[in-house]
$ cat entry_33.pdb   # PDB, C-alpha atoms, pLDDT in the B column
ATOM      1  CA  MET A   1     103.060  87.724  88.245  1.00 43.00           C
ATOM      2  CA  ALA A   2     100.331  88.535  90.693  1.00 43.00           C
ATOM      3  CA  ALA A   3     102.666  89.170  93.588  1.00 43.00           C
ATOM      4  CA  VAL A   4     104.736  91.620  91.580  1.00 42.00           C
ATOM      5  CA  LYS A   5     101.514  93.420  90.719  1.00 46.00           C
ATOM      6  CA  ARG A   6     100.762  93.736  94.418  1.00 47.00           C
ATOM      7  CA  LEU A   7     104.229  95.163  95.057  1.00 43.00           C
ATOM      8  CA  CYS A   8     103.791  97.613  92.186  1.00 44.00           C
ATOM      9  CA  ALA A   9     100.449  98.769  93.500  1.00 44.00           C
ATOM     10  CA  THR A  10     102.014  99.265  96.924  1.00 44.00           C
ATOM     11  CA  LEU A  11     104.708 101.416  95.352  1.00 41.00           C
ATOM     12  CA  LEU A  12     102.056 103.464  93.571  1.00 43.00           C
ATOM     13  CA  LEU A  13     100.148 104.052  96.768  1.00 42.00           C
ATOM     14  CA  ALA A  14     103.312 104.969  98.594  1.00 39.00           C
ATOM     15  CA  GLY A  15     104.111 107.419  95.831  1.00 37.00           C
ATOM     16  CA  LEU A  16     100.843 109.160  96.581  1.00 39.00           C
ATOM     17  CA  LEU A  17     101.785 109.592 100.227  1.00 39.00           C
ATOM     18  CA  PRO A  18     105.021 111.621 100.166  1.00 37.00           C
ATOM     19  CA  GLY A  19     106.445 112.403 103.559  1.00 37.00           C
ATOM     20  CA  CYS A  20     104.386 109.724 105.292  1.00 41.00           C
ATOM     21  CA  ALA A  21     106.311 107.449 107.601  1.00 40.00           C
ATOM     22  CA  THR A  22     105.601 105.775 110.854  1.00 43.00           C
ATOM     23  CA  SER A  23     107.722 104.451 113.644  1.00 46.00           C
ATOM     24  CA  GLY A  24     107.174 101.901 116.339  1.00 54.00           C
ATOM     25  CA  GLY A  25     105.442  98.552 116.291  1.00 74.00           C
ATOM     26  CA  ASN A  26     102.249  97.615 114.520  1.00 88.00           C
ATOM     27  CA  PRO A  27      99.941  94.995 116.086  1.00 93.00           C
ATOM     28  CA  ALA A  28      99.342  93.532 112.618  1.00 95.00           C
ATOM     29  CA  ASP A  29     103.077  92.818 112.336  1.00 97.00           C
ATOM     30  CA  PRO A  30     104.078  90.432 115.173  1.00 96.00           C
ATOM     31  CA  LEU A  31     106.867  89.019 112.972  1.00 97.00           C
ATOM     32  CA  GLU A  32     108.496  92.415 112.457  1.00 97.00           C
ATOM     33  CA  PRO A  33     112.135  91.393 113.189  1.00 97.00           C
ATOM     34  CA  LEU A  34     111.940  88.553 110.652  1.00 97.00           C
ATOM     35  CA  ASN A  35     109.992  90.655 108.183  1.00 98.00           C
ATOM     36  CA  ARG A  36     112.526  93.475 108.403  1.00 97.00           C
ATOM     37  CA  ALA A  37     115.357  91.071 107.622  1.00 98.00           C
ATOM     38  CA  ILE A  38     113.547  89.690 104.583  1.00 98.00           C
ATOM     39  CA  PHE A  39     112.590  93.206 103.489  1.00 97.00           C
ATOM     40  CA  SER A  40     116.235  94.252 103.652  1.00 97.00           C
ATOM     41  CA  PHE A  41     117.219  91.241 101.541  1.00 98.00           C
ATOM     42  CA  ASN A  42     114.510  92.012  98.970  1.00 97.00           C
ATOM     43  CA  ASP A  43     115.519  95.670  98.865  1.00 95.00           C
ATOM     44  CA  THR A  44     119.126  94.708  98.211  1.00 96.00           C
ATOM     45  CA  VAL A  45     118.164  92.338  95.394  1.00 97.00           C
ATOM     46  CA  ASP A  46     115.970  95.036  93.893  1.00 95.00           C
ATOM     47  CA  GLY A  47     118.722  97.632  94.028  1.00 94.00           C
ATOM     48  CA  VAL A  48     121.498  95.382  92.732  1.00 97.00           C
ATOM     49  CA  LEU A  49     119.626  93.371  90.106  1.00 96.00           C
ATOM     50  CA  ILE A  50     115.987  94.174  89.387  1.00 96.00           C
ATOM     51  CA  THR A  51     116.112  97.979  89.183  1.00 95.00           C
ATOM     52  CA  PRO A  52     119.141  98.092  86.831  1.00 97.00           C
ATOM     53  CA  VAL A  53     117.463  95.569  84.519  1.00 97.00           C
ATOM     54  CA  ALA A  54     114.215  97.566  84.606  1.00 97.00           C
ATOM     55  CA  LYS A  55     116.090 100.759  83.754  1.00 96.00           C
ATOM     56  CA  GLY A  56     117.777  99.022  80.833  1.00 98.00           C
ATOM     57  CA  TYR A  57     114.413  97.703  79.669  1.00 97.00           C
ATOM     58  CA  ARG A  58     112.892 101.184  79.772  1.00 97.00           C
ATOM     59  CA  ALA A  59     115.864 102.697  77.961  1.00 97.00           C
ATOM     60  CA  ALA A  60     115.927 100.038  75.247  1.00 97.00           C
ATOM     61  CA  LEU A  61     112.231  99.899  74.310  1.00 97.00           C
ATOM     62  CA  PRO A  62     110.029 102.748  73.050  1.00 97.00           C
ATOM     63  CA  GLY A  63     107.091 103.691  75.250  1.00 96.00           C
ATOM     64  CA  VAL A  64     104.518 102.324  72.796  1.00 97.00           C
ATOM     65  CA  VAL A  65     106.188  98.915  72.866  1.00 97.00           C
ATOM     66  CA  ARG A  66     106.342  98.856  76.669  1.00 97.00           C
ATOM     67  CA  THR A  67     102.668  99.830  76.852  1.00 97.00           C
ATOM     68  CA  GLY A  68     101.768  97.024  74.465  1.00 97.00           C
ATOM     69  CA  ILE A  69     103.625  94.503  76.606  1.00 97.00           C
ATOM     70  CA  SER A  70     101.893  95.725  79.767  1.00 97.00           C
ATOM     71  CA  ASN A  71      98.511  95.574  78.029  1.00 97.00           C
ATOM     72  CA  PHE A  72      99.154  92.022  76.850  1.00 97.00           C
ATOM     73  CA  PHE A  73      99.813  90.735  80.352  1.00 97.00           C
ATOM     74  CA  SER A  74      96.965  92.807  81.790  1.00 97.00           C
ATOM     75  CA  ASN A  75      94.583  91.153  79.336  1.00 97.00           C
ATOM     76  CA  LEU A  76      95.654  87.702  80.503  1.00 96.00           C
ATOM     77  CA  GLN A  77      95.175  88.797  84.112  1.00 97.00           C
ATOM     78  CA  ASP A  78      91.626  89.957  83.407  1.00 98.00           C
ATOM     79  CA  VAL A  79      90.528  86.327  82.974  1.00 97.00           C
ATOM     80  CA  TRP A  80      91.371  85.550  86.620  1.00 97.00           C
ATOM     81  CA  VAL A  81      90.000  88.915  87.735  1.00 98.00           C
ATOM     82  CA  CYS A  82      86.688  87.938  86.129  1.00 98.00           C
ATOM     83  CA  ILE A  83      86.632  84.606  87.974  1.00 98.00           C
ATOM     84  CA  ASN A  84      87.368  86.271  91.307  1.00 98.00           C
ATOM     85  CA  ASN A  85      84.563  88.768  90.782  1.00 98.00           C
ATOM     86  CA  LEU A  86      82.237  85.829  90.106  1.00 98.00           C
ATOM     87  CA  LEU A  87      83.419  84.107  93.292  1.00 98.00           C
ATOM     88  CA  GLN A  88      82.674  87.295  95.210  1.00 97.00           C
ATOM     89  CA  GLY A  89      79.185  87.538  93.706  1.00 97.00           C
ATOM     90  CA  LYS A  90      79.945  90.743  91.798  1.00 97.00           C
ATOM     91  CA  LEU A  91      78.213  89.813  88.560  1.00 97.00           C
ATOM     92  CA  GLY A  92      78.259  93.299  87.065  1.00 97.00           C
ATOM     93  CA  GLU A  93      82.019  93.646  87.469  1.00 97.00           C
ATOM     94  CA  ALA A  94      82.547  90.110  86.182  1.00 98.00           C
ATOM     95  CA  SER A  95      80.587  90.891  83.024  1.00 98.00           C
ATOM     96  CA  GLN A  96      82.759  93.957  82.479  1.00 98.00           C
ATOM     97  CA  ASP A  97      85.891  91.851  82.927  1.00 98.00           C
ATOM     98  CA  PHE A  98      84.574  89.351  80.385  1.00 98.00           C
ATOM     99  CA  GLY A  99      83.878  92.190  77.967  1.00 97.00           C
ATOM    100  CA  ARG A 100      87.410  93.481  78.453  1.00 98.00           C
ATOM    101  CA  VAL A 101      88.913  90.114  77.553  1.00 98.00           C
ATOM    102  CA  VAL A 102      86.709  89.739  74.464  1.00 98.00           C
ATOM    103  CA  PHE A 103      87.315  93.223  73.092  1.00 97.00           C
ATOM    104  CA  ASN A 104      91.007  93.454  73.923  1.00 98.00           C
ATOM    105  CA  SER A 105      91.734  89.952  72.627  1.00 97.00           C
ATOM    106  CA  THR A 106      90.059  90.715  69.288  1.00 97.00           C
ATOM    107  CA  LEU A 107      89.949  94.418  68.478  1.00 97.00           C
ATOM    108  CA  GLY A 108      92.985  94.956  70.692  1.00 97.00           C
ATOM    109  CA  LEU A 109      95.063  92.438  68.734  1.00 97.00           C
ATOM    110  CA  GLY A 110      95.617  89.867  71.452  1.00 95.00           C
ATOM    111  CA  GLY A 111      95.582  92.437  74.220  1.00 96.00           C
ATOM    112  CA  LEU A 112      98.357  94.651  72.863  1.00 97.00           C
ATOM    113  CA  PHE A 113      95.925  97.570  72.770  1.00 97.00           C
ATOM    114  CA  ASP A 114      93.466  98.423  75.546  1.00 97.00           C
ATOM    115  CA  VAL A 115      90.360  99.319  73.559  1.00 97.00           C
ATOM    116  CA  ALA A 116      88.011  98.093  76.291  1.00 98.00           C
ATOM    117  CA  THR A 117      88.634 100.929  78.758  1.00 96.00           C
ATOM    118  CA  ASP A 118      87.590 103.593  76.255  1.00 94.00           C
ATOM    119  CA  GLY A 119      84.654 101.365  75.324  1.00 95.00           C
ATOM    120  CA  GLY A 120      83.214 101.532  78.832  1.00 95.00           C
ATOM    121  CA  PHE A 121      84.750  98.396  80.339  1.00 97.00           C
ATOM    122  CA  PRO A 122      86.902  99.588  83.269  1.00 97.00           C
ATOM    123  CA  LYS A 123      89.885  97.675  84.580  1.00 97.00           C
ATOM    124  CA  HIS A 124      89.377  95.925  87.942  1.00 97.00           C
ATOM    125  CA  ASN A 125      91.858  94.605  90.487  1.00 95.00           C
ATOM    126  CA  GLU A 126      90.861  91.305  92.090  1.00 97.00           C
ATOM    127  CA  ASP A 127      92.827  88.294  93.311  1.00 97.00           C
ATOM    128  CA  PHE A 128      92.121  85.256  95.444  1.00 98.00           C
ATOM    129  CA  GLY A 129      93.397  86.941  98.605  1.00 97.00           C
ATOM    130  CA  GLN A 130      90.688  89.573  98.168  1.00 98.00           C
ATOM    131  CA  THR A 131      88.142  86.839  97.514  1.00 98.00           C
ATOM    132  CA  LEU A 132      89.089  85.149 100.789  1.00 98.00           C
ATOM    133  CA  GLY A 133      88.702  88.505 102.528  1.00 97.00           C
ATOM    134  CA  LYS A 134      85.229  88.889 101.020  1.00 96.00           C
ATOM    135  CA  TRP A 135      84.392  85.426 102.374  1.00 97.00           C
ATOM    136  CA  GLY A 136      85.333  86.571 105.870  1.00 95.00           C
ATOM    137  CA  VAL A 137      88.830  85.115 106.176  1.00 97.00           C
ATOM    138  CA  VAL A 138      90.903  87.466 108.341  1.00 96.00           C
ATOM    139  CA  SER A 139      94.205  88.758 107.022  1.00 96.00           C
ATOM    140  CA  GLY A 140      96.354  87.341 109.797  1.00 96.00           C
ATOM    141  CA  PRO A 141      99.872  88.602 110.527  1.00 97.00           C
ATOM    142  CA  TYR A 142     101.693  90.740 108.006  1.00 98.00           C
ATOM    143  CA  LEU A 143     104.326  88.715 106.159  1.00 97.00           C
ATOM    144  CA  VAL A 144     107.187  89.676 103.853  1.00 98.00           C
ATOM    145  CA  ILE A 145     107.969  86.888 101.385  1.00 97.00           C
ATOM    146  CA  PRO A 146     111.488  86.595  99.928  1.00 96.00           C
ATOM    147  CA  ILE A 147     111.614  88.165  96.450  1.00 93.00           C
ATOM    148  CA  ILE A 148     107.795  88.326  96.280  1.00 93.00           C
ATOM    149  CA  GLY A 149     107.394  91.140  98.811  1.00 95.00           C
ATOM    150  CA  PRO A 150     104.566  92.310 101.124  1.00 97.00           C
ATOM    151  CA  SER A 151     101.801  89.845 101.958  1.00 97.00           C
ATOM    152  CA  SER A 152      99.939  88.284 104.889  1.00 97.00           C
ATOM    153  CA  PHE A 153      99.068  84.770 105.947  1.00 97.00           C
ATOM    154  CA  ARG A 154      95.773  84.983 104.058  1.00 98.00           C
ATOM    155  CA  ASP A 155      97.186  86.685 100.991  1.00 97.00           C
ATOM    156  CA  GLY A 156     100.210  84.393 100.922  1.00 96.00           C
ATOM    157  CA  PHE A 157      97.846  81.444 100.540  1.00 97.00           C
ATOM    158  CA  GLY A 158      95.867  83.475  98.006  1.00 97.00           C
ATOM    159  CA  TRP A 159      99.044  84.086  96.039  1.00 96.00           C
ATOM    160  CA  LEU A 160      99.622  80.325  95.745  1.00 96.00           C
ATOM    161  CA  VAL A 161      96.145  79.958  94.247  1.00 97.00           C
ATOM    162  CA  ASP A 162      96.751  82.958  91.975  1.00 97.00           C
ATOM    163  CA  LEU A 163      99.945  81.302  90.778  1.00 93.00           C
ATOM    164  CA  GLN A 164      98.162  78.101  89.840  1.00 93.00           C
ATOM    165  CA  ALA A 165      95.520  80.079  87.946  1.00 95.00           C
ATOM    166  CA  ASP A 166      98.059  82.291  86.160  1.00 94.00           C
ATOM    167  CA  LEU A 167      97.674  81.758  82.389  1.00 93.00           C
ATOM    168  CA  VAL A 168     101.355  82.520  81.866  1.00 91.00           C
ATOM    169  CA  PHE A 169     102.261  79.807  84.355  1.00 84.00           C
ATOM    170  CA  ARG A 170      99.948  77.422  82.475  1.00 82.00           C
ATOM    171  CA  ILE A 171     101.698  77.821  79.118  1.00 81.00           C
ATOM    172  CA  ASP A 172     103.313  74.571  77.994  1.00 78.00           C
ATOM    173  CA  GLY A 173     107.086  74.671  77.880  1.00 77.00           C
ATOM    174  CA  VAL A 174     109.075  75.790  80.896  1.00 80.00           C
ATOM    175  CA  PRO A 175     111.439  78.066  78.940  1.00 86.00           C
ATOM    176  CA  VAL A 176     108.537  79.903  77.306  1.00 88.00           C
ATOM    177  CA  HIS A 177     106.521  80.612  80.436  1.00 85.00           C
ATOM    178  CA  ASN A 178     109.679  81.473  82.378  1.00 89.00           C
ATOM    179  CA  VAL A 179     110.642  84.080  79.768  1.00 93.00           C
ATOM    180  CA  LEU A 180     107.120  85.525  79.831  1.00 93.00           C
ATOM    181  CA  TRP A 181     107.080  85.535  83.627  1.00 92.00           C
ATOM    182  CA  VAL A 182     110.388  87.395  83.851  1.00 94.00           C
ATOM    183  CA  THR A 183     109.341  89.824  81.108  1.00 96.00           C
ATOM    184  CA  ARG A 184     106.155  90.646  82.980  1.00 96.00           C
ATOM    185  CA  GLY A 185     108.076  91.242  86.204  1.00 95.00           C
ATOM    186  CA  ILE A 186     110.554  93.545  84.482  1.00 97.00           C
ATOM    187  CA  SER A 187     107.714  95.403  82.761  1.00 97.00           C
ATOM    188  CA  ASP A 188     105.928  95.918  86.065  1.00 96.00           C
ATOM    189  CA  ARG A 189     109.084  97.129  87.783  1.00 94.00           C
ATOM    190  CA  ALA A 190     109.928  99.514  84.937  1.00 95.00           C
ATOM    191  CA  ASN A 191     106.488 101.097  85.272  1.00 93.00           C
ATOM    192  CA  LEU A 192     107.233 101.894  88.916  1.00 91.00           C
ATOM    193  CA  LEU A 193     110.735 103.336  88.655  1.00 90.00           C
ATOM    194  CA  ASP A 194     109.555 106.899  89.210  1.00 86.00           C
ATOM    195  CA  ALA A 195     107.371 105.940  92.174  1.00 82.00           C
ATOM    196  CA  SER A 196     110.215 104.066  93.869  1.00 80.00           C
ATOM    197  CA  SER A 197     112.495 107.084  93.576  1.00 76.00           C
ATOM    198  CA  ILE A 198     109.866 109.148  95.429  1.00 77.00           C
ATOM    199  CA  ILE A 199     109.836 106.574  98.227  1.00 76.00           C
ATOM    200  CA  GLU A 200     113.601 106.798  98.607  1.00 74.00           C
ATOM    201  CA  GLN A 201     113.269 110.517  99.223  1.00 73.00           C
ATOM    202  CA  ALA A 202     110.090 110.513 101.321  1.00 68.00           C
ATOM    203  CA  ALA A 203     110.259 107.597 103.726  1.00 68.00           C
ATOM    204  CA  LEU A 204     112.104 107.978 106.997  1.00 81.00           C
ATOM    205  CA  ASP A 205     111.560 104.283 107.701  1.00 88.00           C
ATOM    206  CA  LYS A 206     111.160 102.519 104.382  1.00 89.00           C
ATOM    207  CA  TYR A 207     109.998  99.251 105.938  1.00 94.00           C
ATOM    208  CA  SER A 208     107.183 100.864 107.941  1.00 93.00           C
ATOM    209  CA  PHE A 209     106.245 102.987 104.932  1.00 90.00           C
ATOM    210  CA  PHE A 210     105.764  99.902 102.754  1.00 91.00           C
ATOM    211  CA  ARG A 211     104.030  97.888 105.447  1.00 95.00           C
ATOM    212  CA  ASP A 212     101.484 100.520 106.443  1.00 93.00           C
ATOM    213  CA  ALA A 213     100.720 101.462 102.835  1.00 92.00           C
ATOM    214  CA  TRP A 214     100.302  97.797 101.889  1.00 95.00           C
ATOM    215  CA  LEU A 215      98.026  96.990 104.841  1.00 96.00           C
ATOM    216  CA  GLN A 216      95.866 100.027 104.172  1.00 94.00           C
ATOM    217  CA  ARG A 217      95.598  99.267 100.468  1.00 94.00           C
ATOM    218  CA  ARG A 218      94.718  95.594 100.935  1.00 96.00           C
ATOM    219  CA  ARG A 219      91.975  96.464 103.407  1.00 95.00           C
ATOM    220  CA  ASN A 220      90.678  99.047 100.967  1.00 95.00           C
ATOM    221  CA  LEU A 221      90.644  96.504  98.126  1.00 96.00           C
ATOM    222  CA  VAL A 222      88.797  93.862 100.134  1.00 95.00           C
ATOM    223  CA  TYR A 223      86.024  96.355 100.872  1.00 94.00           C
ATOM    224  CA  ASP A 224      86.061  97.858  97.362  1.00 91.00           C
ATOM    225  CA  GLY A 225      87.115 101.255  98.595  1.00 88.00           C
ATOM    226  CA  TYR A 226      84.635 101.455 101.493  1.00 84.00           C
ATOM    227  CA  PRO A 227      86.230  99.770 104.512  1.00 87.00           C
ATOM    228  CA  PRO A 228      84.311  99.965 107.790  1.00 85.00           C
ATOM    229  CA  ARG A 229      85.745 102.097 110.543  1.00 80.00           C
ATOM    230  CA  GLU A 230      88.182 100.064 112.607  1.00 71.00           C
ATOM    231  CA  LYS A 231      87.866  99.878 116.376  1.00 64.00           C
ATOM    232  CA  GLU A 232      90.976 101.066 118.170  1.00 50.00           C
ATOM    233  CA  ASP A 233      91.277  97.792 120.071  1.00 43.00           C
ATOM    234  CA  ASP A 234      90.710  95.591 117.019  1.00 50.00           C
ATOM    235  CA  GLU A 235      94.112  94.081 116.369  1.00 47.00           C
ATOM    236  CA  ASP A 236      93.000  91.539 113.757  1.00 50.00           C
ATOM    237  CA  SER A 237      91.488  93.543 110.959  1.00 49.00           C
ATOM    238  CA  ARG A 238      90.513  92.267 107.567  1.00 55.00           C
TER     239      ARG A 238
END

$ encode --input "entry_33.pdb" --output "structure tokens"
Amino acid sequence: MAAVKRLCATLLLAGLLPGCATSGGNPADPLEPLNRAIFSFNDTVDGVLITPVAKGYRAALPGVVRTGISNFFSNLQDVWVCINNLLQGKLGEASQDFGRVVFNSTLGLGGLFDVATDGGFPKHNEDFGQTLGKWGVVSGPYLVIPIIGPSSFRDGFGWLVDLQADLVFRIDGVPVHNVLWVTRGISDRANLLDASSIIEQAALDKYSFFRDAWLQRRRNLVYDGYPPREKEDDEDSR
């Protein structure tokens, strides 16, 4: 699911910032007391349920099988990535996304193998929240969603659109798409087990660590890696 992907990417970024932690309030987080409570709930659910299942998944399946599963879901995601690049006017990236879907769906045996990356069609990361940001919609307050994880008012709305566009969600038969949805979530979480262990060791304040990494990453994604310099008194950044 798109939201789990966002959480995974946040974990990856946090894993690249060992020892980084902040304290005190953040003007982008006016709902901090509520967000901290929801974060604590999510963290408990992850520790009690999701992480043990992900560890079992990783132990039970060979690496090549897990990679194939990740590739399959990534290929489905590329369809929506392509549409979002079109909505943002990035025609070159959209054509690459289209090429990825064509090559991975055929030569890659339904997306199980990522032949497109080696063929010169790089993987992109786009969702409707980023598209709204490109259109000038401000992020709004930081928001932690139960189970889903870090978000904002803008990206929370974007996630609802992402959900409706999700090809897995569109599969006929509730049991089938539910099984696929859960499998994708477990696969994503298993891929981040090592990164999450780094966070446990590095973050003095885990909540602030996640929040600041997520806010920085989302801003970076909206501006495709080249965000403008923020003014010190600008409390409502994109």

$ atom_distance --input "entry_33.pdb" --atom1 "CA of Phe41 (chain A)" --atom2 "CA of Ile147 (chain A)"
8.2 Å

$ resolve_selection --input "entry_33.pdb" --expression "the PyMOL selection byres ((chain A and resi 124-129) around 6)" --output "PyMOL selection string"
chain A and resi 81+123+130-132+155+158

$ write_last_selection --input "entry_33.pdb" --atoms "C-alpha atoms" --output "short mmCIF file (atom, residue, chain, number, x, y, z; two decimals), keeping the file's coordinate frame"
data_model
loop_
_atom_site.label_atom_id
_atom_site.label_comp_id
_atom_site.auth_asym_id
_atom_site.auth_seq_id
_atom_site.Cartn_x
_atom_site.Cartn_y
_atom_site.Cartn_z
CA VAL A 81 90.00 88.92 87.74
CA LYS A 123 89.88 97.68 84.58
CA GLN A 130 90.69 89.57 98.17
CA THR A 131 88.14 86.84 97.51
CA LEU A 132 89.09 85.15 100.79
CA ASP A 155 97.19 86.68 100.99
CA GLY A 158 95.87 83.48 98.01
#

$ resolve_selection --input "entry_33.pdb" --expression "the PyMOL selection byres ((chain A and resi 136) around 12)" --output "PyMOL selection string"
chain A and resi 88+129-135+137-140+154+222-223+237-238

$ atom_distance --input "entry_33.pdb" --atom1 "CA of Gly63 (chain A)" --atom2 "CA of Ile148 (chain A)"
26.1 Å

$ atom_distance --input "entry_33.pdb" --atom1 "CA of Phe103 (chain A)" --atom2 "CA of Val161 (chain A)"
26.5 Å

$ build_atoms --input "entry_33.pdb" --residues "region 142-159 of chain A" --atoms "N, CA and C atoms" --output "PDB file, in the coordinates of the input"
ATOM      1  N   TYR A 142     100.968  90.233 109.164  1.00 98.00           N
ATOM      2  CA  TYR A 142     101.693  90.740 108.006  1.00 98.00           C
ATOM      3  C   TYR A 142     102.911  89.856 107.764  1.00 98.00           C
ATOM      4  N   LEU A 143     103.242  89.627 106.501  1.00 97.00           N
ATOM      5  CA  LEU A 143     104.326  88.715 106.159  1.00 97.00           C
ATOM      6  C   LEU A 143     105.058  89.220 104.930  1.00 97.00           C
ATOM      7  N   VAL A 144     106.376  89.328 105.011  1.00 98.00           N
ATOM      8  CA  VAL A 144     107.187  89.676 103.853  1.00 98.00           C
ATOM      9  C   VAL A 144     107.787  88.388 103.291  1.00 98.00           C
ATOM     10  N   ILE A 145     107.511  88.113 102.025  1.00 97.00           N
ATOM     11  CA  ILE A 145     107.969  86.888 101.385  1.00 97.00           C
ATOM     12  C   ILE A 145     109.228  87.187 100.582  1.00 97.00           C
ATOM     13  N   PRO A 146     110.264  86.356 100.699  1.00 96.00           N
ATOM     14  CA  PRO A 146     111.488  86.595  99.928  1.00 96.00           C
ATOM     15  C   PRO A 146     111.200  86.763  98.440  1.00 96.00           C
ATOM     16  N   ILE A 147     111.742  87.808  97.855  1.00 93.00           N
ATOM     17  CA  ILE A 147     111.614  88.165  96.450  1.00 93.00           C
ATOM     18  C   ILE A 147     110.207  88.658  96.116  1.00 93.00           C
ATOM     19  N   ILE A 148     109.175  87.986  96.623  1.00 93.00           N
ATOM     20  CA  ILE A 148     107.795  88.326  96.280  1.00 93.00           C
ATOM     21  C   ILE A 148     107.375  89.654  96.895  1.00 93.00           C
ATOM     22  N   GLY A 149     107.693  89.866  98.184  1.00 95.00           N
ATOM     23  CA  GLY A 149     107.394  91.140  98.811  1.00 95.00           C
ATOM     24  C   GLY A 149     106.280  91.084  99.839  1.00 95.00           C
ATOM     25  N   PRO A 150     105.577  92.208 100.065  1.00 97.00           N
ATOM     26  CA  PRO A 150     104.566  92.310 101.124  1.00 97.00           C
ATOM     27  C   PRO A 150     103.407  91.343 100.916  1.00 97.00           C
ATOM     28  N   SER A 151     102.934  90.753 102.013  1.00 97.00           N
ATOM     29  CA  SER A 151     101.801  89.845 101.958  1.00 97.00           C
ATOM     30  C   SER A 151     101.254  89.687 103.376  1.00 97.00           C
ATOM     31  N   SER A 152     100.456  88.660 103.571  1.00 97.00           N
ATOM     32  CA  SER A 152      99.939  88.284 104.889  1.00 97.00           C
ATOM     33  C   SER A 152      99.706  86.786 104.844  1.00 97.00           C
ATOM     34  N   PHE A 153      99.324  86.207 105.969  1.00 97.00           N
ATOM     35  CA  PHE A 153      99.068  84.770 105.947  1.00 97.00           C
ATOM     36  C   PHE A 153      97.950  84.433 104.961  1.00 97.00           C
ATOM     37  N   ARG A 154      96.876  85.223 104.983  1.00 98.00           N
ATOM     38  CA  ARG A 154      95.773  84.983 104.058  1.00 98.00           C
ATOM     39  C   ARG A 154      96.198  85.215 102.613  1.00 98.00           C
ATOM     40  N   ASP A 155      96.838  86.349 102.363  1.00 97.00           N
ATOM     41  CA  ASP A 155      97.186  86.685 100.991  1.00 97.00           C
ATOM     42  C   ASP A 155      98.337  85.848 100.457  1.00 97.00           C
ATOM     43  N   GLY A 156      99.169  85.320 101.369  1.00 96.00           N
ATOM     44  CA  GLY A 156     100.210  84.393 100.922  1.00 96.00           C
ATOM     45  C   GLY A 156      99.592  83.121 100.372  1.00 96.00           C
ATOM     46  N   PHE A 157      98.567  82.601 101.062  1.00 97.00           N
ATOM     47  CA  PHE A 157      97.846  81.444 100.540  1.00 97.00           C
ATOM     48  C   PHE A 157      97.127  81.815  99.244  1.00 97.00           C
ATOM     49  N   GLY A 158      96.537  83.020  99.220  1.00 97.00           N
ATOM     50  CA  GLY A 158      95.867  83.475  98.006  1.00 97.00           C
ATOM     51  C   GLY A 158      96.815  83.565  96.834  1.00 97.00           C
ATOM     52  N   TRP A 159      98.047  83.994  97.108  1.00 96.00           N
ATOM     53  CA  TRP A 159      99.044  84.086  96.039  1.00 96.00           C
ATOM     54  C   TRP A 159      99.343  82.714  95.441  1.00 96.00           C
TER      55      TRP A 159
END
